[in-house]
Amino acid sequence: MNTSAFNTRPGEHPGDMAAWLRAHAETNDSQLRRVRRNLKRAIQEDLTERQRTMLLMRYSQGFSMARIAKELGVNRSTVSRTLARANKRLERALKYSF
């Protein structure tokens with residue numbers, strides 16, 4: 001039996017069920033591409049400019065809510081509420097992407 005067809009890990013044998021499943025598993029690459037494409041579109045089309053700005057500062061740049069509030073001259077609670085609304089909008093927009 002040709003063992004090169006299986007992705008075995010140390011301690012696994014080519015006949016192990018886990019190795020067989022990994023070798024024959026379907027990937028979810030097309031689903032991930034669709035979700036990423038839909039996420040980009042939802043960020044551009046479904047969020048307000050303020051929500052988009054705060055979302056990108058928080059998740060792309062890694063700013064804390066306090067820092068976002070300071071940079072934009074608003075209260076921290078405003079940042080928290082705005083991000084919560086943005087996440088809810090994105091959740092609704094992506095609900096059927098999966």
# chains A, B, ... in the order shown; residues from 1 in each chain; ligands from 1
>>> closest_atom_pairs(of="stretch 33-53 of chain A", to="stretch 88-98 of chain A", cutoff="9 Å", atoms="only C-alpha atoms", output="Markdown table")
| residue | atom | partner | partner_atom | distance |
| --- | --- | --- | --- | --- |
| A:Arg34 | CA | A:Ser97 | CA | 7.1 |
| A:Val35 | CA | A:Ser97 | CA | 5.8 |
| A:Asn38 | CA | A:Leu94 | CA | 6.8 |
| A:Leu39 | CA | A:Leu94 | CA | 6.9 |
| A:Ala42 | CA | A:Ala93 | CA | 6.3 |
| A:Ile43 | CA | A:Leu90 | CA | 7.2 |
| A:Asp46 | CA | A:Arg89 | CA | 7.0 |
| A:Leu47 | CA | A:Arg89 | CA | 7.2 |
>>> residues_around(residues="A:Leu56", least_positions_apart="6", cutoff="12 Å", atoms="only C-alpha atoms", output="list of chain:residue names")
A:Lys40, A:Ile43, A:Gln44, A:Leu47, A:Glu49, A:Arg50, A:Gly62, A:Phe63, A:Ser64, A:Met65, A:Ile68, A:Leu83, A:Ala86, A:Asn87
>>> write_last_selection(atoms="C-alpha atoms", output="compact mmCIF listing (two decimals), in the first residue's frame")
# COMPACT_ATOMS: atom_id res chain seq x y z
CA LYS A 40 -15.82 42.98 2.63
CA ILE A 43 -18.42 46.39 5.59
CA GLN A 44 -18.54 48.75 2.60
CA LEU A 47 -22.01 50.00 7.81
CA GLU A 49 -18.70 55.56 7.91
CA ARG A 50 -18.37 55.91 11.68
CA GLY A 62 -5.70 46.63 17.27
CA PHE A 63 -6.68 49.81 19.10
CA SER A 64 -8.39 49.54 22.47
CA MET A 65 -11.81 51.10 22.85
CA ILE A 68 -10.39 54.79 19.69
CA LEU A 83 -19.02 48.58 17.56
CA ALA A 86 -21.66 47.33 13.58
CA ASN A 87 -21.13 43.72 14.64
>>> residues_around(residues="A:Lys70", least_positions_apart="6", cutoff="12 Å", atoms="only C-alpha atoms", output="PyMOL selection string")
chain A and resi 54+57+63-64+76-79
>>> write_last_selection(atoms="N, CA, C and O atoms", output="mmCIF file, in the first residue's frame")
data_model
loop_
_atom_site.group_PDB
_atom_site.id
_atom_site.type_symbol
_atom_site.label_atom_id
_atom_site.label_comp_id
_atom_site.auth_asym_id
_atom_site.auth_seq_id
_atom_site.Cartn_x
_atom_site.Cartn_y
_atom_site.Cartn_z
ATOM 1 N N MET A 54 -14.460 52.838 13.160
ATOM 2 C CA MET A 54 -14.200 52.250 14.474
ATOM 3 C C MET A 54 -13.888 50.754 14.364
ATOM 4 O O MET A 54 -13.009 50.247 15.060
ATOM 5 N N MET A 57 -10.340 50.407 13.105
ATOM 6 C CA MET A 57 -9.384 50.784 14.151
ATOM 7 C C MET A 57 -9.268 49.669 15.190
ATOM 8 O O MET A 57 -8.170 49.350 15.649
ATOM 9 N N PHE A 63 -6.507 48.774 18.085
ATOM 10 C CA PHE A 63 -6.679 49.812 19.098
ATOM 11 C C PHE A 63 -7.663 49.342 20.167
ATOM 12 O O PHE A 63 -8.615 48.635 19.885
ATOM 13 N N SER A 64 -7.429 49.790 21.392
ATOM 14 C CA SER A 64 -8.389 49.535 22.469
ATOM 15 C C SER A 64 -9.563 50.494 22.289
ATOM 16 O O SER A 64 -9.466 51.498 21.569
ATOM 17 N N ARG A 76 -15.946 56.470 25.560
ATOM 18 C CA ARG A 76 -15.689 55.044 25.367
ATOM 19 C C ARG A 76 -16.990 54.277 25.169
ATOM 20 O O ARG A 76 -17.066 53.345 24.385
ATOM 21 N N SER A 77 -18.048 54.692 25.873
ATOM 22 C CA SER A 77 -19.345 54.019 25.731
ATOM 23 C C SER A 77 -19.902 54.197 24.320
ATOM 24 O O SER A 77 -20.573 53.300 23.798
ATOM 25 N N THR A 78 -19.601 55.312 23.690
ATOM 26 C CA THR A 78 -20.026 55.537 22.305
ATOM 27 C C THR A 78 -19.332 54.546 21.380
ATOM 28 O O THR A 78 -19.952 53.975 20.482
ATOM 29 N N VAL A 79 -18.052 54.331 21.618
ATOM 30 C CA VAL A 79 -17.293 53.369 20.816
ATOM 31 C C VAL A 79 -17.872 51.974 21.016
ATOM 32 O O VAL A 79 -18.110 51.242 20.048
#
>>> select_by_dssp(residues="chain A", states="helix (DSSP H, G or I)", output="PyMOL selection string")
chain A and resi 3-5+17-24+29-46+49-59+65-72+76-94
>>> atom_distance(atom1="atom CA of A:Asn75", atom2="atom CA of A:Glu45")
25.7 Å
